[in-house]
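Visitor: Got a file for you: query-v7.cif, mmCIF, C-alpha atoms and all ligand atoms.
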```
data_model
loop_
_atom_site.group_PDB
_atom_site.id
_atom_site.type_symbol
_atom_site.label_atom_id
_atom_site.label_comp_id
_atom_site.auth_asym_id
_atom_site.auth_seq_id
_atom_site.Cartn_x
_atom_site.Cartn_y
_atom_site.Cartn_z
ATOM 1 C CA MET A 1 134.557 105.373 130.311
ATOM 2 C CA LEU A 2 132.195 102.439 130.044
ATOM 3 C CA CYS A 3 133.938 99.077 129.933
ATOM 4 C CA ALA A 4 133.172 95.444 130.661
ATOM 5 C CA LEU A 5 135.599 93.219 132.561
ATOM 6 C CA LEU A 6 135.461 89.463 132.096
ATOM 7 C CA SER A 7 137.469 86.721 133.793
ATOM 8 C CA ASP A 8 137.586 82.935 134.095
ATOM 9 C CA VAL A 9 135.610 81.903 131.029
ATOM 10 C CA HIS A 10 137.049 78.394 131.289
ATOM 11 C CA ALA A 11 136.021 77.200 127.830
ATOM 12 C CA ASN A 12 132.316 77.758 128.537
ATOM 13 C CA LEU A 13 131.114 79.142 125.205
ATOM 14 C CA GLU A 14 127.430 79.342 126.147
ATOM 15 C CA ALA A 15 128.248 81.519 129.166
ATOM 16 C CA LEU A 16 130.621 83.700 127.136
ATOM 17 C CA ASP A 17 128.046 84.167 124.375
ATOM 18 C CA ALA A 18 125.385 85.172 126.899
ATOM 19 C CA VAL A 19 127.709 87.695 128.551
ATOM 20 C CA LEU A 20 128.764 89.223 125.222
ATOM 21 C CA LYS A 21 125.122 89.566 124.226
ATOM 22 C CA ASP A 22 124.434 91.359 127.507
ATOM 23 C CA VAL A 23 127.473 93.608 126.926
ATOM 24 C CA ASP A 24 126.296 94.428 123.395
ATOM 25 C CA GLY A 25 122.938 95.578 124.731
ATOM 26 C CA ARG A 26 124.626 98.232 126.880
ATOM 27 C CA ASN A 27 126.646 100.210 124.341
ATOM 28 C CA ILE A 28 129.942 99.373 126.056
ATOM 29 C CA GLN A 29 133.183 100.601 124.425
ATOM 30 C CA ASP A 30 135.831 98.178 125.592
ATOM 31 C CA ILE A 31 135.929 94.599 126.843
ATOM 32 C CA LEU A 32 138.902 93.629 128.988
ATOM 33 C CA PHE A 33 139.697 89.986 129.745
ATOM 34 C CA LEU A 34 141.518 88.979 132.938
ATOM 35 C CA GLY A 35 142.584 85.414 132.122
ATOM 36 C CA ASP A 36 141.604 81.752 132.178
ATOM 37 C CA ALA A 37 140.007 81.434 128.762
ATOM 38 C CA VAL A 38 140.406 77.639 128.951
ATOM 39 C CA GLY A 39 140.389 74.732 131.420
ATOM 40 C CA TYR A 40 137.326 72.855 132.796
ATOM 41 C CA GLY A 41 134.930 73.470 129.860
ATOM 42 C CA PRO A 42 134.322 71.869 126.456
ATOM 43 C CA ASP A 43 135.007 74.728 123.981
ATOM 44 C CA PRO A 44 138.557 76.043 124.490
ATOM 45 C CA ASN A 45 139.322 76.949 120.860
ATOM 46 C CA GLU A 46 136.020 78.737 120.289
ATOM 47 C CA CYS A 47 136.410 80.728 123.511
ATOM 48 C CA VAL A 48 139.991 81.798 122.760
ATOM 49 C CA GLU A 49 139.009 82.898 119.249
ATOM 50 C CA LEU A 50 135.924 84.811 120.376
ATOM 51 C CA LEU A 51 137.809 86.545 123.190
ATOM 52 C CA VAL A 52 140.583 87.573 120.798
ATOM 53 C CA GLU A 53 137.991 88.949 118.400
ATOM 54 C CA ARG A 54 136.124 90.944 121.049
ATOM 55 C CA CYS A 55 138.576 92.033 123.761
ATOM 56 C CA LYS A 56 140.882 95.023 123.757
ATOM 57 C CA VAL A 57 143.124 93.521 126.456
ATOM 58 C CA LEU A 58 143.724 89.816 127.186
ATOM 59 C CA LEU A 59 145.689 88.428 130.144
ATOM 60 C CA ALA A 60 146.888 84.888 130.880
ATOM 61 C CA GLY A 61 145.477 82.905 133.793
ATOM 62 C CA ASN A 62 146.986 79.840 135.429
ATOM 63 C CA HIS A 63 144.836 77.441 133.378
ATOM 64 C CA ASP A 64 145.856 79.189 130.149
ATOM 65 C CA ARG A 65 149.524 78.805 131.055
ATOM 66 C CA ALA A 66 148.959 75.199 132.137
ATOM 67 C CA ALA A 67 147.250 74.360 128.835
ATOM 68 C CA ILE A 68 150.376 75.352 126.939
ATOM 69 C CA GLY A 69 152.715 73.532 129.322
ATOM 70 C CA LEU A 70 154.038 76.651 131.053
ATOM 71 C CA THR A 71 152.606 76.199 134.541
ATOM 72 C CA ASP A 72 153.198 73.253 136.825
ATOM 73 C CA ILE A 73 149.927 71.314 137.179
ATOM 74 C CA THR A 74 150.981 69.000 140.000
ATOM 75 C CA TYR A 75 149.210 71.355 142.438
ATOM 76 C CA PHE A 76 145.954 71.183 140.417
ATOM 77 C CA ASN A 77 143.328 68.807 141.802
ATOM 78 C CA ALA A 78 142.764 65.605 139.817
ATOM 79 C CA TYR A 79 139.685 66.927 137.976
ATOM 80 C CA ALA A 80 141.330 70.197 136.948
ATOM 81 C CA ARG A 81 144.403 68.267 135.819
ATOM 82 C CA ASN A 82 142.300 65.861 133.784
ATOM 83 C CA ALA A 83 140.532 68.792 132.090
ATOM 84 C CA ILE A 84 143.835 70.528 131.351
ATOM 85 C CA GLU A 85 145.261 67.371 129.779
ATOM 86 C CA TRP A 86 142.156 67.141 127.572
ATOM 87 C CA THR A 87 142.493 70.862 126.719
ATOM 88 C CA MET A 88 146.158 70.419 125.738
ATOM 89 C CA LYS A 89 145.077 67.722 123.276
ATOM 90 C CA VAL A 90 142.337 69.736 121.557
ATOM 91 C CA LEU A 91 143.831 73.258 121.512
ATOM 92 C CA THR A 92 145.125 74.199 118.067
ATOM 93 C CA GLU A 93 148.781 75.170 117.673
ATOM 94 C CA LYS A 94 147.688 78.621 116.572
ATOM 95 C CA ASN A 95 145.633 79.165 119.723
ATOM 96 C CA LYS A 96 148.484 77.871 121.891
ATOM 97 C CA GLU A 97 150.709 80.478 120.287
ATOM 98 C CA ILE A 98 148.119 83.216 120.921
ATOM 99 C CA ILE A 99 147.762 82.210 124.597
ATOM 100 C CA GLY A 100 151.550 82.120 124.984
ATOM 101 C CA ALA A 101 151.724 85.828 124.121
ATOM 102 C CA TRP A 102 149.249 86.953 126.796
ATOM 103 C CA PRO A 103 150.854 88.924 129.675
ATOM 104 C CA PHE A 104 150.199 88.457 133.421
ATOM 105 C CA GLU A 105 149.288 92.067 134.046
ATOM 106 C CA LYS A 106 148.435 95.243 132.200
ATOM 107 C CA GLU A 107 148.369 98.793 133.442
ATOM 108 C CA MET A 108 146.000 101.263 131.748
ATOM 109 C CA LYS A 109 147.542 104.559 132.820
ATOM 110 C CA ASP A 110 144.927 106.908 131.341
ATOM 111 C CA GLU A 111 142.123 105.064 133.103
ATOM 112 C CA ASP A 112 144.167 104.576 136.323
ATOM 113 C CA ILE A 113 143.521 100.822 136.194
ATOM 114 C CA LEU A 114 145.707 97.777 136.859
ATOM 115 C CA LEU A 115 144.528 94.430 135.481
ATOM 116 C CA VAL A 116 145.837 91.075 136.805
ATOM 117 C CA HIS A 117 144.519 87.529 136.966
ATOM 118 C CA SER A 118 145.641 86.644 140.510
ATOM 119 C CA THR A 119 147.176 89.402 142.682
ATOM 120 C CA PRO A 120 148.916 92.739 142.150
ATOM 121 C CA LYS A 121 151.633 91.621 144.575
ATOM 122 C CA GLU A 122 152.748 88.631 142.483
ATOM 123 C CA PRO A 123 150.715 88.441 139.258
ATOM 124 C CA ALA A 124 152.533 85.347 137.969
ATOM 125 C CA GLU A 125 152.368 83.333 141.212
ATOM 126 C CA TRP A 126 148.663 82.440 141.251
ATOM 127 C CA HIS A 127 147.941 83.325 144.870
ATOM 128 C CA TYR A 128 144.314 83.996 145.790
ATOM 129 C CA LEU A 129 143.071 87.300 147.153
ATOM 130 C CA LEU A 130 140.269 86.139 149.445
ATOM 131 C CA THR A 131 140.319 88.039 152.728
ATOM 132 C CA LEU A 132 140.418 91.676 153.799
ATOM 133 C CA TRP A 133 143.908 90.989 155.083
ATOM 134 C CA ASP A 134 144.969 89.797 151.600
ATOM 135 C CA ALA A 135 143.427 92.991 150.219
ATOM 136 C CA GLU A 136 145.225 95.173 152.773
ATOM 137 C CA ILE A 137 148.598 93.725 151.705
ATOM 138 C CA ASN A 138 147.826 93.921 148.008
ATOM 139 C CA PHE A 139 146.720 97.564 148.113
ATOM 140 C CA GLN A 140 150.398 98.281 148.872
ATOM 141 C CA TYR A 141 151.519 96.753 145.573
ATOM 142 C CA PHE A 142 149.812 99.055 143.079
ATOM 143 C CA ASP A 143 149.350 102.812 142.787
ATOM 144 C CA ASN A 144 146.283 102.952 140.582
ATOM 145 C CA LYS A 145 142.814 103.834 141.748
ATOM 146 C CA PHE A 146 141.475 100.502 140.478
ATOM 147 C CA CYS A 147 142.784 96.943 140.367
ATOM 148 C CA PHE A 148 140.568 94.399 138.620
ATOM 149 C CA LEU A 149 141.268 90.690 139.055
ATOM 150 C CA GLY A 150 139.684 87.225 138.904
ATOM 151 C CA HIS A 151 141.046 83.762 139.780
ATOM 152 C CA SER A 152 138.906 82.879 142.835
ATOM 153 C CA HIS A 153 135.627 82.947 140.835
ATOM 154 C CA GLN A 154 134.031 84.948 143.663
ATOM 155 C CA PRO A 155 132.928 88.489 142.825
ATOM 156 C CA PHE A 156 133.426 91.421 145.202
ATOM 157 C CA VAL A 157 134.410 95.057 145.369
ATOM 158 C CA ILE A 158 136.755 96.042 148.207
ATOM 159 C CA GLU A 159 136.964 99.775 148.750
ATOM 160 C CA LYS A 160 139.791 101.411 150.664
ATOM 161 C CA VAL A 161 138.561 104.776 151.904
ATOM 162 C CA PRO A 162 141.020 107.640 152.566
ATOM 163 C CA SER A 163 141.126 106.859 156.316
ATOM 164 C CA GLY A 164 142.420 103.360 155.421
ATOM 165 C CA GLU A 165 139.269 101.435 156.336
ATOM 166 C CA LEU A 166 138.272 98.600 153.986
ATOM 167 C CA ILE A 167 134.643 98.148 152.951
ATOM 168 C CA THR A 168 133.310 95.122 151.044
ATOM 169 C CA HIS A 169 130.523 95.555 148.505
ATOM 170 C CA ARG A 170 128.898 92.447 147.051
ATOM 171 C CA ASP A 171 127.035 93.643 143.950
ATOM 172 C CA GLY A 172 128.983 96.758 143.070
ATOM 173 C CA THR A 173 129.192 100.285 144.368
ATOM 174 C CA ARG A 174 129.085 103.986 143.550
ATOM 175 C CA LEU A 175 132.610 105.322 143.130
ATOM 176 C CA ARG A 176 133.892 107.849 145.633
ATOM 177 C CA GLU A 177 136.559 110.504 145.356
ATOM 178 C CA GLY A 178 139.706 109.498 147.239
ATOM 179 C CA SER A 179 138.833 105.800 147.559
ATOM 180 C CA ARG A 180 140.790 103.010 145.863
ATOM 181 C CA TYR A 181 139.305 99.689 144.796
ATOM 182 C CA ILE A 182 140.149 96.019 144.293
ATOM 183 C CA ILE A 183 137.435 94.392 142.213
ATOM 184 C CA ASN A 184 137.038 90.680 141.586
ATOM 185 C CA THR A 185 134.846 90.393 138.501
ATOM 186 C CA GLY A 186 133.742 86.835 139.321
ATOM 187 C CA SER A 187 133.750 84.076 136.717
ATOM 188 C CA VAL A 188 131.969 83.979 133.375
ATOM 189 C CA GLY A 189 132.138 80.217 132.939
ATOM 190 C CA GLN A 190 132.394 78.648 136.382
ATOM 191 C CA PRO A 191 131.002 80.808 139.226
ATOM 192 C CA ARG A 192 131.781 79.578 142.761
ATOM 193 C CA ASP A 193 129.711 81.912 144.924
ATOM 194 C CA GLY A 194 126.585 79.752 144.921
ATOM 195 C CA ASP A 195 124.971 81.572 141.973
ATOM 196 C CA PRO A 196 125.407 79.528 138.772
ATOM 197 C CA ARG A 197 124.694 82.453 136.440
ATOM 198 C CA ALA A 198 127.607 83.868 134.440
ATOM 199 C CA CYS A 199 129.259 86.820 136.165
ATOM 200 C CA TYR A 200 131.173 89.884 134.962
ATOM 201 C CA ALA A 201 131.746 93.535 135.898
ATOM 202 C CA ILE A 202 130.917 96.849 134.286
ATOM 203 C CA MET A 203 132.689 100.074 135.116
ATOM 204 C CA ASN A 204 131.602 103.566 134.172
ATOM 205 C CA ASP A 205 132.517 107.017 135.459
ATOM 206 C CA GLY A 206 130.282 106.736 138.479
ATOM 207 C CA ASP A 207 129.883 103.069 139.414
ATOM 208 C CA ILE A 208 131.143 99.536 139.309
ATOM 209 C CA ASP A 209 128.465 96.873 138.877
ATOM 210 C CA ILE A 210 128.675 93.105 139.253
ATOM 211 C CA VAL A 211 126.318 91.679 136.630
ATOM 212 C CA ARG A 212 124.757 88.192 136.461
ATOM 213 C CA VAL A 213 123.539 86.601 133.234
ATOM 214 C CA SER A 214 121.591 83.342 132.812
ATOM 215 C CA TYR A 215 122.734 80.922 130.133
ATOM 216 C CA ASP A 216 122.011 77.409 128.869
ATOM 217 C CA ILE A 217 123.889 75.335 131.467
ATOM 218 C CA ALA A 218 122.382 72.001 130.332
ATOM 219 C CA SER A 219 123.801 72.377 126.861
ATOM 220 C CA VAL A 220 127.331 72.904 128.242
ATOM 221 C CA GLN A 221 126.874 69.873 130.495
ATOM 222 C CA ASP A 222 125.879 67.750 127.484
ATOM 223 C CA LYS A 223 129.016 68.767 125.611
ATOM 224 C CA MET A 224 131.165 68.010 128.673
ATOM 225 C CA LYS A 225 129.613 64.542 128.960
ATOM 226 C CA LYS A 226 130.314 63.852 125.312
ATOM 227 C CA GLU A 227 133.979 64.722 125.844
ATOM 228 C CA HIS A 228 134.119 62.573 129.011
ATOM 229 C CA LEU A 229 135.213 65.512 131.152
ATOM 230 C CA PRO A 230 135.128 64.719 134.909
ATOM 231 C CA GLU A 231 131.624 64.360 136.389
ATOM 232 C CA PRO A 232 132.224 66.755 139.358
ATOM 233 C CA LEU A 233 133.143 69.522 136.889
ATOM 234 C CA ILE A 234 129.894 68.873 135.013
ATOM 235 C CA GLU A 235 127.864 69.063 138.222
ATOM 236 C CA ARG A 236 129.524 72.117 139.710
ATOM 237 C CA ILE A 237 128.502 74.570 136.958
ATOM 238 C CA LEU A 238 124.874 73.875 137.798
ATOM 239 C CA MET A 239 125.476 74.532 141.492
ATOM 240 C CA GLY A 240 127.736 77.547 141.047
ATOM 241 C CA LYS A 241 130.256 76.075 143.464
HETATM 242 ZN ZN ZN B 301 139.833 80.322 136.923
#
```
Kindly return the structure encoded in the file as structure tokens.

Guide:
Amino acid sequence: MLCALLSDVHANLEALDAVLKDVDGRNIQDILFLGDAVGYGPDPNECVELLVERCKVLLAGNHDRAAIGLTDITYFNAYARNAIEWTMKVLTEKNKEIIGAWPFEKEMKDEDILLVHSTPKEPAEWHYLLTLWDAEINFQYFDNKFCFLGHSHQPFVIEKVPSGELITHRDGTRLREGSRYIINTGSVGQPRDGDPRACYAIMNDGDIDIVRVSYDIASVQDKMKKEHLPEPLIERILMGK
């Protein structure tokens, strides 16, 4: 099986386009989306529509739920909240309805994969899986060989080998018999690991790869300025932080 896993597009159409172009050059069968189509960026409707057209599975992220009024945004920082309020205004009713139907998790039994936006332990609670300790706990909450997730915008592969030891891989890894994996696919539209290039993951029978793709950041920044989205959000996509 050769599939691409995308998360945290955040209404960044230029980044999404660049990633899809990269995917199309690799003869990949299925594209799976792990949530947060909207929030932060200037093209929420276009991103939702393109993701629906291209992805076999689509999950809801916290920003998606917030943009349709179904997640409390009082815990969002002021910039994220501002962007969500703008997103709520511009999203079409049809796209709100589409987002409202997206689940929090999806198990693909044949492929032995669990997909979530935040954590396998509580997929609808928007906790972050950041440390090896978080991973250790979360490995207890799914049975599959693979769990793919997003949410923190920081890509990694954490492998649990049969002896129980956890190993972190930064750019991907060769798959091993008996190991289980938690994979953060990074963020397409707003990376936060210091590399501003769009990020996604590819899985095939033998490996998982974290892939980076350059895109036209300046053009997204221009659109964000035009919509008066918060300045720090405009700056951060150039820094990848
Ligand atoms: Zn996100």

Visitor: Go through the shown structure with the PyMOL selection byres (((chain A and resi 14) around 7) and not hetatm) and write out the matching residues as a PDB file with C-alpha atoms, in the coordinates of the input.

Guide:
```
ATOM      1  CA  ASN A  12     132.316  77.758 128.537  1.00  0.00           C
ATOM      2  CA  LEU A  13     131.114  79.142 125.205  1.00  0.00           C
ATOM      3  CA  ALA A  15     128.248  81.519 129.166  1.00  0.00           C
ATOM      4  CA  LEU A  16     130.621  83.700 127.136  1.00  0.00           C
ATOM      5  CA  ASP A  17     128.046  84.167 124.375  1.00  0.00           C
ATOM      6  CA  ALA A  18     125.385  85.172 126.899  1.00  0.00           C
ATOM      7  CA  TYR A 215     122.734  80.922 130.133  1.00  0.00           C
ATOM      8  CA  ASP A 216     122.011  77.409 128.869  1.00  0.00           C
ATOM      9  CA  VAL A 220     127.331  72.904 128.242  1.00  0.00           C
TER      10      VAL A 220
END
```

Visitor: Give me the residues near Glu159 in chain A as a ChimeraX atom specification, where near means some atom within 6 Å (using only C-alpha atoms) and where sequence neighbours in that chain fewer than 2 positions away do not count.

Guide: /A:166-167,180-181

Visitor: Compare A:Gly100, A:Gly189, A:Ser179, A:Leu59 by their minimum atom-to-atom distance to ligand ZN 301 (chain B), counting only C-alpha atoms and all ligand atoms, and give me the closest one.

Guide: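 Under the stated criterion, the closest residue is A:Gly189.
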
Visitor: If you count all atoms listed in the file, which residues end up within 8 Å of ligand ZN 301 (chain B), as a ChimeraX atom specification?

Guide: /A:7-10,35-36,39,61-63,150-153,187,190

Visitor: Running the PyMOL selection byres (((chain A and resi 72-83) around 8) and not hetatm) on this model by hand, what would come out? Give it as a list in words.

Guide: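 So the PyMOL selection byres (((chain A and resi 72-83) around 8) and not hetatm) ends up selecting Gly39, Tyr40, Gly41, Ala66, Gly69, Leu70, Thr71, Ile84, Glu85, Trp86, Thr87, Leu229, Pro230, Pro232 and Leu233 of chain A.
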
Visitor: What does the distance between CA of Arg176 in chain A and CA of Ile208 in chain A come to in Å, to one decimal place?

Guide: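 Interatomic distance, CA of Arg176 in chain A to CA of Ile208 in chain A: 10.8 Å.
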
Visitor: Report as a list in words all protein, DNA and RNA residues lying within 10 Å of range 135-143 of chain A, evaluated on all atoms listed in the file, omitting residues in the same chain fewer than 2 positions from it.

Guide: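 Contacts, with the query itself left out: Glu107, Asp112, Ile113, Leu114, Thr119, Pro120, Lys121, Glu122, Leu129, Leu130, Thr131, Leu132, Trp133, Lys145, Phe146, Cys147, Ile158, Glu159, Lys160, Gly164, Glu165, Leu166, Arg180, Tyr181 and Ile182 of chain A.
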
Visitor: What do you get, as a ChimeraX atom specification, if you spell out every residue that the PyMOL selection byres (((chain A and resi 45) around 8) and not hetatm) selects here?

Guide: /A:11,43-44,46-49,90-92,95

Visitor: Please compute the CA of Leu149 in chain A-CA of Asn27 in chain A distance, one decimal, in Å.

Guide: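 Going from CA of Leu149 in chain A over to CA of Asn27 in chain A covers 22.8 Å.
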
Visitor: Out of A:Asp64, A:Asp207, A:Trp126, A:Val116, which residue has the shortest atom-to-atom distance to Ala101 in chain A when counting all atoms listed in the file?

Guide: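 Closest candidate: A:Asp64.
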
Visitor: Report, in Å with one decimal, the straight-line distance from CA of Ala124 in chain A to CA of Phe33 in chain A.

Guide: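 Pair CA of Ala124 in chain A / CA of Phe33 in chain A returns 15.9 Å.
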
Visitor: Point out the residue among A:Asp171, A:Asp222, A:Glu125, A:Asp110 with the least atom-to-atom distance to Asn144 in chain A, counting all atoms listed in the file.

Guide: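 Once distances to Asn144 in chain A are computed over all atoms listed in the file, the minimum belongs to A:Asp110.
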
Visitor: Which is closer to Lys106 in chain A than all the others in A:Val23, A:Val188, A:Ala60, A:Val157, using all atoms listed in the file?

Guide: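 Once distances to Lys106 in chain A are computed over all atoms listed in the file, the minimum belongs to A:Ala60.
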
Visitor: Name the closest residue to Tyr128 in chain A among the candidates A:Gln154, A:Asp193, A:Gly172, A:Met108; distances are taken between atoms, counting all atoms listed in the file.

Guide: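 Nearest to Tyr128 in chain A: A:Gln154.
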
Visitor: Nearest to Cys199 in chain A among A:Val57, A:Leu50, A:Val211, A:Leu34, with distances taken over all atoms listed in the file: which residue is it?

Guide: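 Among A:Val57, A:Leu50, A:Val211, A:Leu34, it is A:Val211 that comes nearest to Cys199 in chain A.
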
Visitor: Could you give me the centre and size, in Å to one decimal, of an axis-aligned box around all listed atoms of range 217-233 of chain A with 4 Å added on every side, as AutoDock Vina command-line options?

Guide:
```
--center_x 128.8 --center_y 69.0 --center_z 132.3 --size_x 20.8 --size_y 20.8 --size_z 22.0
```

Visitor: Provide range 119-128 of chain A of the preceding structure as a file containing all heavy atoms, as a compact mmCIF listing (two decimals), in the first residue's frame.

Guide:
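Dumped to part-v2.txt:
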```txt
# COMPACT_ATOMS: atom_id res chain seq x y z
N THR A 119 -5.02 12.63 19.77
CA THR A 119 -4.42 11.45 20.41
C THR A 119 -5.36 10.25 20.34
O THR A 119 -6.58 10.43 20.37
CB THR A 119 -4.13 11.68 21.92
OG1 THR A 119 -5.38 11.88 22.60
CG2 THR A 119 -3.20 12.85 22.15
N PRO A 120 -4.78 9.05 20.27
CA PRO A 120 -5.65 7.86 20.31
C PRO A 120 -6.38 7.71 21.64
O PRO A 120 -7.47 7.15 21.69
CB PRO A 120 -4.69 6.69 20.09
CG PRO A 120 -3.32 7.24 20.11
CD PRO A 120 -3.38 8.74 20.04
N LYS A 121 -5.80 8.22 22.71
CA LYS A 121 -6.43 8.09 24.03
C LYS A 121 -7.76 8.85 24.07
O LYS A 121 -8.78 8.31 24.47
CB LYS A 121 -5.49 8.63 25.11
CG LYS A 121 -6.02 8.42 26.51
CD LYS A 121 -5.06 8.89 27.58
CE LYS A 121 -5.71 8.71 28.95
NZ LYS A 121 -5.33 9.75 29.89
N GLU A 122 -7.76 10.10 23.64
CA GLU A 122 -8.98 10.91 23.66
C GLU A 122 -9.05 11.77 22.39
O GLU A 122 -8.72 12.96 22.42
CB GLU A 122 -9.00 11.80 24.90
CG GLU A 122 -9.14 11.02 26.18
CD GLU A 122 -8.90 11.86 27.43
OE1 GLU A 122 -7.82 12.47 27.54
OE2 GLU A 122 -9.81 11.90 28.28
N PRO A 123 -9.48 11.16 21.29
CA PRO A 123 -9.40 11.84 19.98
C PRO A 123 -10.20 13.14 19.90
O PRO A 123 -9.89 14.00 19.08
CB PRO A 123 -9.99 10.81 19.02
CG PRO A 123 -10.00 9.52 19.73
CD PRO A 123 -10.00 9.81 21.19
N ALA A 124 -11.20 13.31 20.76
CA ALA A 124 -12.02 14.52 20.67
C ALA A 124 -11.64 15.56 21.72
O ALA A 124 -12.32 16.57 21.89
CB ALA A 124 -13.50 14.15 20.82
N GLU A 125 -10.54 15.32 22.44
CA GLU A 125 -10.18 16.23 23.55
C GLU A 125 -9.03 17.19 23.22
O GLU A 125 -8.69 18.06 24.00
CB GLU A 125 -9.83 15.42 24.80
CG GLU A 125 -11.02 14.69 25.40
CD GLU A 125 -12.14 15.65 25.79
OE1 GLU A 125 -11.85 16.76 26.28
OE2 GLU A 125 -13.32 15.28 25.60
N TRP A 126 -8.41 17.02 22.11
CA TRP A 126 -7.39 17.97 21.62
C TRP A 126 -6.18 18.09 22.53
O TRP A 126 -5.61 19.16 22.69
CB TRP A 126 -7.99 19.36 21.35
CG TRP A 126 -9.31 19.31 20.65
CD1 TRP A 126 -10.46 19.92 21.05
CD2 TRP A 126 -9.63 18.66 19.41
NE1 TRP A 126 -11.47 19.67 20.15
CE2 TRP A 126 -10.99 18.91 19.13
CE3 TRP A 126 -8.90 17.87 18.50
CZ2 TRP A 126 -11.65 18.40 18.01
CZ3 TRP A 126 -9.56 17.36 17.38
CH2 TRP A 126 -10.90 17.63 17.15
N HIS A 127 -5.78 16.97 23.14
CA HIS A 127 -4.49 16.97 23.85
C HIS A 127 -3.38 16.83 22.82
O HIS A 127 -3.60 16.33 21.72
CB HIS A 127 -4.42 15.79 24.82
CG HIS A 127 -5.48 15.84 25.87
ND1 HIS A 127 -5.66 16.91 26.71
CD2 HIS A 127 -6.44 14.94 26.21
CE1 HIS A 127 -6.67 16.68 27.51
NE2 HIS A 127 -7.17 15.50 27.24
N TYR A 128 -2.17 17.23 23.21
CA TYR A 128 -1.01 17.09 22.33
C TYR A 128 -0.19 15.87 22.72
O TYR A 128 0.00 15.62 23.91
CB TYR A 128 -0.12 18.34 22.40
CG TYR A 128 -0.77 19.54 21.77
CD1 TYR A 128 -1.45 20.47 22.55
CD2 TYR A 128 -0.70 19.74 20.40
CE1 TYR A 128 -2.06 21.58 21.98
CE2 TYR A 128 -1.30 20.84 19.81
CZ TYR A 128 -1.98 21.76 20.60
OH TYR A 128 -2.58 22.83 20.03
```
